[in-house]
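Asks: Before I ask anything, here is the structure I am working with.
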2 protein chains.
Amino acid sequence: MKDGPDIARIAALIGDPARAAMLTALMDGAALTPTELAAEAGVTKQTASAHIAKLEAAGLTAREVQGRHHYLRLADGDVATVLEALMTVAERRGGRRTRPGPADPALRYARVCYDHLAGAQGVALYDHMQRKGWIADGPVLTDTGARAFEDLGVDIAALRAKRRPVCRACLDWSVRRHHLGGGLGQAVLTRFEEMGWVRRAAASRVITFTPTGKTAFAAFLR
Amino acid sequence: MKDGPDIARIAALIGDPARAAMLTALMDGAALTPTELAAEAGVTKQTASAHIAKLEAAGLTAREVQGRHHYLRLADGDVATVLEALMTVAERRGGRRTRPGPADPALRYARVCYDHLAGAQGVALYDHMQRKGWIADGPVLTDTGARAFEDLGVDIAALRAKRRPVCRACLDWSVRRHHLGGGLGQAVLTRFEEMGWVRRAAASRVITFTPTGKTAFAAFLR
DNA sequence: TTCATGGTTCGACCGTAGCCGAACCATCTG
DNA sequence: CAGATGGTTCGGCTACGGTCGAACCATGAA
């Protein structure tokens, strides 16, 4: 009865609570697996699989298969735009499901995004890597970058041997900036933990810097 | 299971074909009545009423009651933003429900929006009224404006006697500009028809200018 | 090869939500 | 006042779609 693109189809897709939870989780820019998405949405793997199939068929998400793992991400910046716009209107009227008060600033400061560092500190790290020429467009790790991280104790050669891409830019929705993802992102966060720079909270996604870690990280970014 | 605003709720609201059709119709910026919206969506008045109640409860639409008529419009610019974003992604992937080929440019040029002139020509008229000082902020019709339209044969006094607001700015989504709505908008379009300047197509919303009408309208905008 | 893990497919169940007919209320007109 | 028109409410029907248990494929590890 009406011309124009088929809005209802994709709005209905986002309109299911489980799928909405999945898409919201993907807003971080991270690539998540079906199992993780199932956990985010609070459903079983089978139903998650069905939901993902629909999202993918509609072109809202894209998939990358690595071994037996499937990584899903938002297909597009446009999709993120829709979600943002929806958040804007949803927030204003009866914005239930609000974020926990004290956790919010902590999350913005530093949190785990899939398995690497996100938030303001994650962005700061990525910016520094760009300034120092540790990464080039792609993004790919440069030789100087590799050396810098090896000095920190990260085994770059081992990373390159794995299937997972070493370097990956991860869009941080809350800040609209990139942070470091990929195998290196994971390795760096692990290394930070080993060195006692950071601690990961049990149930939440918050990352806390220890006093030593705070100064050491600041020095590393010099 | 997930923090953040309740996206799913309002996405589901837009996700119903009938409601989506209604909202799309309202994108013109016009205020439509429940009966008209029912026609747009292809449902009966009762179901339309139910849909509208939900949209209103969620704060997506606002209502203005004038006598026994109820005028509905989008609540907000944010709502329009969501619809636009949805159109963007819906258009790109499997954009079925595409506009009819030849009608599209015609619609953009001149069409009826509720009961008045929209499209490029509608915007041109509104712009001219602003330049000439025929309307002031509000918008309200100025004395010079009233005289100009009376010269054209429009009975301004009769318009003022009615309940319906004389002057109304109507946001044209396709052009992102305003055109003339309200009682005056209706009266002007009617007058154009009487003078043989324009013809309204039967089933569609397209307005065609006659050769005489085209030159006369251009002269009027001088 | 065998086992464990990650993902998908199938089938069946169930609830919710859209839809309409009919009746009802409100406002304007004559 | 009565009649007409615009909107809403109510009740009941129907169907679509989300959900999970169980079985099935594929990959990687021992």
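Just so we're on the same page: first chain in the structure tokens is A, next is B, and so on; residues restart at 1 for each chain, and ligands are numbered from 1 in the order they show up.
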Show me, as a ChimeraX atom specification, the residues of chain B whose atoms get within 12 Å of chain D, using only C-alpha atoms (C1' of nucleotides) for the distance check.

Replies: /B:33-36,38,44-53,65-71

Asks: Within 8 Å of A:Leu60, counting only C-alpha atoms (C1' of nucleotides), which residues qualify if same-chain residues fewer than 5 places away don't, as a compact mmCIF listing (two decimals) with N, CA, C and O atoms, in the first residue's frame?

Replies:
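File produced: result28.txt:
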```
# COMPACT_ATOMS: atom_id res chain seq x y z
N LEU A 55 19.51 -12.55 10.44
CA LEU A 55 20.24 -11.30 10.36
C LEU A 55 21.17 -11.30 9.15
O LEU A 55 21.29 -10.30 8.43
N LEU A 74 28.84 -6.55 12.70
CA LEU A 74 27.87 -5.76 11.96
C LEU A 74 28.35 -5.62 10.53
O LEU A 74 29.55 -5.43 10.29
N ALA A 75 27.43 -5.69 9.59
CA ALA A 75 27.82 -5.71 8.18
C ALA A 75 28.41 -4.38 7.77
O ALA A 75 29.22 -4.32 6.85
N ASP A 76 28.08 -3.31 8.53
CA ASP A 76 28.12 -2.04 7.88
C ASP A 76 28.02 -0.88 8.85
O ASP A 76 27.46 -1.03 9.92
N VAL A 79 24.29 0.06 9.38
CA VAL A 79 23.56 -0.72 10.39
C VAL A 79 23.80 -0.12 11.76
O VAL A 79 22.86 0.04 12.56
```

Asks: Can you list, as number ranges by chain, all residues belonging to stretch 9-119 of chain A that DSSP tags as strand (DSSP E)?

Replies: A: 61-66, 69-74, 111-113, 116-118

Asks: Keeping only C-alpha atoms, take the residues you just selected and write them out as a PDB file, in the first residue's frame.

Replies:
```pdb
ATOM      1  CA  THR A  61      25.649  -8.978   9.870  1.00  0.00           C
ATOM      2  CA  ALA A  62      28.639 -10.513   8.134  1.00  0.00           C
ATOM      3  CA  ARG A  63      30.491 -13.667   8.984  1.00  0.00           C
ATOM      4  CA  GLU A  64      34.103 -14.688   8.902  1.00  0.00           C
ATOM      5  CA  VAL A  65      34.967 -18.348   9.380  1.00  0.00           C
ATOM      6  CA  GLN A  66      38.283 -19.243  10.978  1.00  0.00           C
ATOM      7  CA  HIS A  69      35.013 -20.644  14.892  1.00  0.00           C
ATOM      8  CA  HIS A  70      32.621 -18.267  13.225  1.00  0.00           C
ATOM      9  CA  TYR A  71      33.082 -14.578  13.876  1.00  0.00           C
ATOM     10  CA  LEU A  72      30.141 -12.259  13.362  1.00  0.00           C
ATOM     11  CA  ARG A  73      30.191  -8.520  13.083  1.00  0.00           C
ATOM     12  CA  LEU A  74      27.867  -5.760  11.961  1.00  0.00           C
ATOM     13  CA  ARG A 111      36.773  -2.544  29.440  1.00  0.00           C
ATOM     14  CA  VAL A 112      37.222  -5.823  27.665  1.00  0.00           C
ATOM     15  CA  CYS A 113      35.828  -5.936  24.171  1.00  0.00           C
ATOM     16  CA  HIS A 116      41.082  -7.182  24.071  1.00  0.00           C
ATOM     17  CA  LEU A 117      41.277  -3.734  25.588  1.00  0.00           C
ATOM     18  CA  ALA A 118      38.591  -1.187  24.724  1.00  0.00           C
TER      19      ALA A 118
END
```

Asks: Would you mind listing, as a list of chain:residue names, all residues of chain C that have at least one atom within 8 Å of chain B, where only C-alpha atoms (C1' of nucleotides) are what counts?

Replies: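 Only these qualify: C:DG18, C:DC19, C:DC20, C:DA26, C:DT27, C:DC28.
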
Asks: Can those selected residues be exported to a file as a short mmCIF file (atom, residue, chain, number, x, y, z; two decimals), in the first residue's frame so that it contains all heavy atoms?

Replies:
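Saved to part_25.cif:
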```
data_model
loop_
_atom_site.label_atom_id
_atom_site.label_comp_id
_atom_site.auth_asym_id
_atom_site.auth_seq_id
_atom_site.Cartn_x
_atom_site.Cartn_y
_atom_site.Cartn_z
P DG C 18 0.92 -6.16 16.77
OP1 DG C 18 2.24 -5.55 16.57
OP2 DG C 18 -0.04 -5.57 17.73
"O5'" DG C 18 0.21 -6.29 15.35
"C5'" DG C 18 0.74 -7.21 14.40
"C4'" DG C 18 -0.39 -7.81 13.60
"O4'" DG C 18 -1.14 -8.73 14.43
"C3'" DG C 18 -1.40 -6.79 13.06
"O3'" DG C 18 -1.65 -7.06 11.69
"C2'" DG C 18 -2.64 -7.02 13.92
"C1'" DG C 18 -2.52 -8.48 14.26
N9 DG C 18 -3.18 -8.87 15.50
C8 DG C 18 -3.00 -8.31 16.73
N7 DG C 18 -3.72 -8.85 17.67
C5 DG C 18 -4.44 -9.83 17.01
C6 DG C 18 -5.40 -10.76 17.50
O6 DG C 18 -5.82 -10.88 18.66
N1 DG C 18 -5.89 -11.59 16.50
C2 DG C 18 -5.51 -11.53 15.18
N2 DG C 18 -6.08 -12.40 14.35
N3 DG C 18 -4.61 -10.67 14.70
C4 DG C 18 -4.13 -9.86 15.67
P DC C 19 -2.42 -5.99 10.80
OP1 DC C 19 -1.89 -6.12 9.43
OP2 DC C 19 -2.38 -4.70 11.50
"O5'" DC C 19 -3.91 -6.52 10.79
"C5'" DC C 19 -4.20 -7.73 10.10
"C4'" DC C 19 -5.59 -8.21 10.45
"O4'" DC C 19 -5.62 -8.56 11.84
"C3'" DC C 19 -6.66 -7.13 10.31
"O3'" DC C 19 -7.25 -7.23 9.01
"C2'" DC C 19 -7.67 -7.48 11.40
"C1'" DC C 19 -6.97 -8.53 12.25
N1 DC C 19 -6.99 -8.23 13.70
C2 DC C 19 -7.79 -9.01 14.55
O2 DC C 19 -8.47 -9.90 14.06
N3 DC C 19 -7.81 -8.72 15.86
C4 DC C 19 -7.06 -7.72 16.35
N4 DC C 19 -7.10 -7.50 17.66
C5 DC C 19 -6.23 -6.94 15.51
C6 DC C 19 -6.23 -7.22 14.20
P DC C 20 -8.20 -6.06 8.52
OP1 DC C 20 -8.17 -6.06 7.04
OP2 DC C 20 -7.85 -4.84 9.27
"O5'" DC C 20 -9.64 -6.52 8.98
"C5'" DC C 20 -10.09 -7.82 8.62
"C4'" DC C 20 -11.27 -8.19 9.48
"O4'" DC C 20 -10.85 -8.20 10.86
"C3'" DC C 20 -12.44 -7.20 9.39
"O3'" DC C 20 -13.60 -7.88 8.95
"C2'" DC C 20 -12.60 -6.66 10.80
"C1'" DC C 20 -11.90 -7.69 11.66
N1 DC C 20 -11.30 -7.13 12.89
C2 DC C 20 -11.68 -7.65 14.14
O2 DC C 20 -12.52 -8.56 14.18
N3 DC C 20 -11.13 -7.13 15.26
C4 DC C 20 -10.23 -6.15 15.17
N4 DC C 20 -9.71 -5.67 16.31
C5 DC C 20 -9.82 -5.61 13.91
C6 DC C 20 -10.38 -6.13 12.81
P DA C 26 -18.77 10.31 25.07
OP1 DA C 26 -17.86 10.72 26.17
OP2 DA C 26 -20.23 10.42 25.22
"O5'" DA C 26 -18.35 11.10 23.76
"C5'" DA C 26 -17.01 10.98 23.31
"C4'" DA C 26 -16.79 11.90 22.11
"O4'" DA C 26 -17.39 11.29 20.93
"C3'" DA C 26 -17.44 13.29 22.24
"O3'" DA C 26 -16.52 14.24 21.74
"C2'" DA C 26 -18.68 13.19 21.37
"C1'" DA C 26 -18.20 12.24 20.28
N9 DA C 26 -19.24 11.49 19.60
C8 DA C 26 -20.27 10.79 20.18
N7 DA C 26 -21.06 10.20 19.31
C5 DA C 26 -20.51 10.55 18.08
C6 DA C 26 -20.87 10.24 16.76
N6 DA C 26 -21.92 9.48 16.45
N1 DA C 26 -20.11 10.74 15.76
C2 DA C 26 -19.06 11.49 16.08
N3 DA C 26 -18.62 11.85 17.29
C4 DA C 26 -19.39 11.33 18.25
P DT C 27 -16.67 15.76 22.10
OP1 DT C 27 -15.36 16.19 22.62
OP2 DT C 27 -17.91 15.93 22.88
"O5'" DT C 27 -16.87 16.46 20.68
"C5'" DT C 27 -15.95 16.18 19.63
"C4'" DT C 27 -16.62 16.40 18.29
"O4'" DT C 27 -17.66 15.42 18.12
"C3'" DT C 27 -17.31 17.76 18.14
"O3'" DT C 27 -16.62 18.49 17.15
"C2'" DT C 27 -18.74 17.42 17.72
"C1'" DT C 27 -18.61 15.99 17.25
N1 DT C 27 -19.84 15.17 17.34
C2 DT C 27 -20.40 14.68 16.18
O2 DT C 27 -19.92 14.89 15.08
N3 DT C 27 -21.53 13.93 16.36
C4 DT C 27 -22.14 13.62 17.56
O4 DT C 27 -23.15 12.94 17.59
C5 DT C 27 -21.51 14.17 18.73
C7 DT C 27 -22.10 13.90 20.09
C6 DT C 27 -20.39 14.91 18.57
P DC C 28 -16.86 20.04 16.99
OP1 DC C 28 -15.57 20.65 16.63
OP2 DC C 28 -17.62 20.52 18.15
"O5'" DC C 28 -17.81 20.11 15.71
"C5'" DC C 28 -17.27 19.78 14.44
"C4'" DC C 28 -18.39 19.39 13.50
"O4'" DC C 28 -19.26 18.43 14.13
"C3'" DC C 28 -19.29 20.55 13.06
"O3'" DC C 28 -19.20 20.71 11.66
"C2'" DC C 28 -20.69 20.12 13.50
"C1'" DC C 28 -20.54 18.61 13.59
N1 DC C 28 -21.53 17.94 14.48
C2 DC C 28 -22.48 17.08 13.92
O2 DC C 28 -22.50 16.91 12.71
N3 DC C 28 -23.38 16.48 14.75
C4 DC C 28 -23.34 16.70 16.06
N4 DC C 28 -24.23 16.08 16.82
C5 DC C 28 -22.37 17.57 16.65
C6 DC C 28 -21.49 18.16 15.83
#
```

Asks: Do a neighbour search on B:Ala120 at 7 Å with only C-alpha atoms (C1' of nucleotides), toss out local chain neighbours closer than 4 positions, and write the hits as a ChimeraX atom specification.

Replies: /B:108-110,124

Asks: Between atom CA of B:Thr190 and atom CA of B:Asp151, what is the spacing in Å?

Replies: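 Atom CA of B:Asp151 sits 15.0 Å away from atom CA of B:Thr190.
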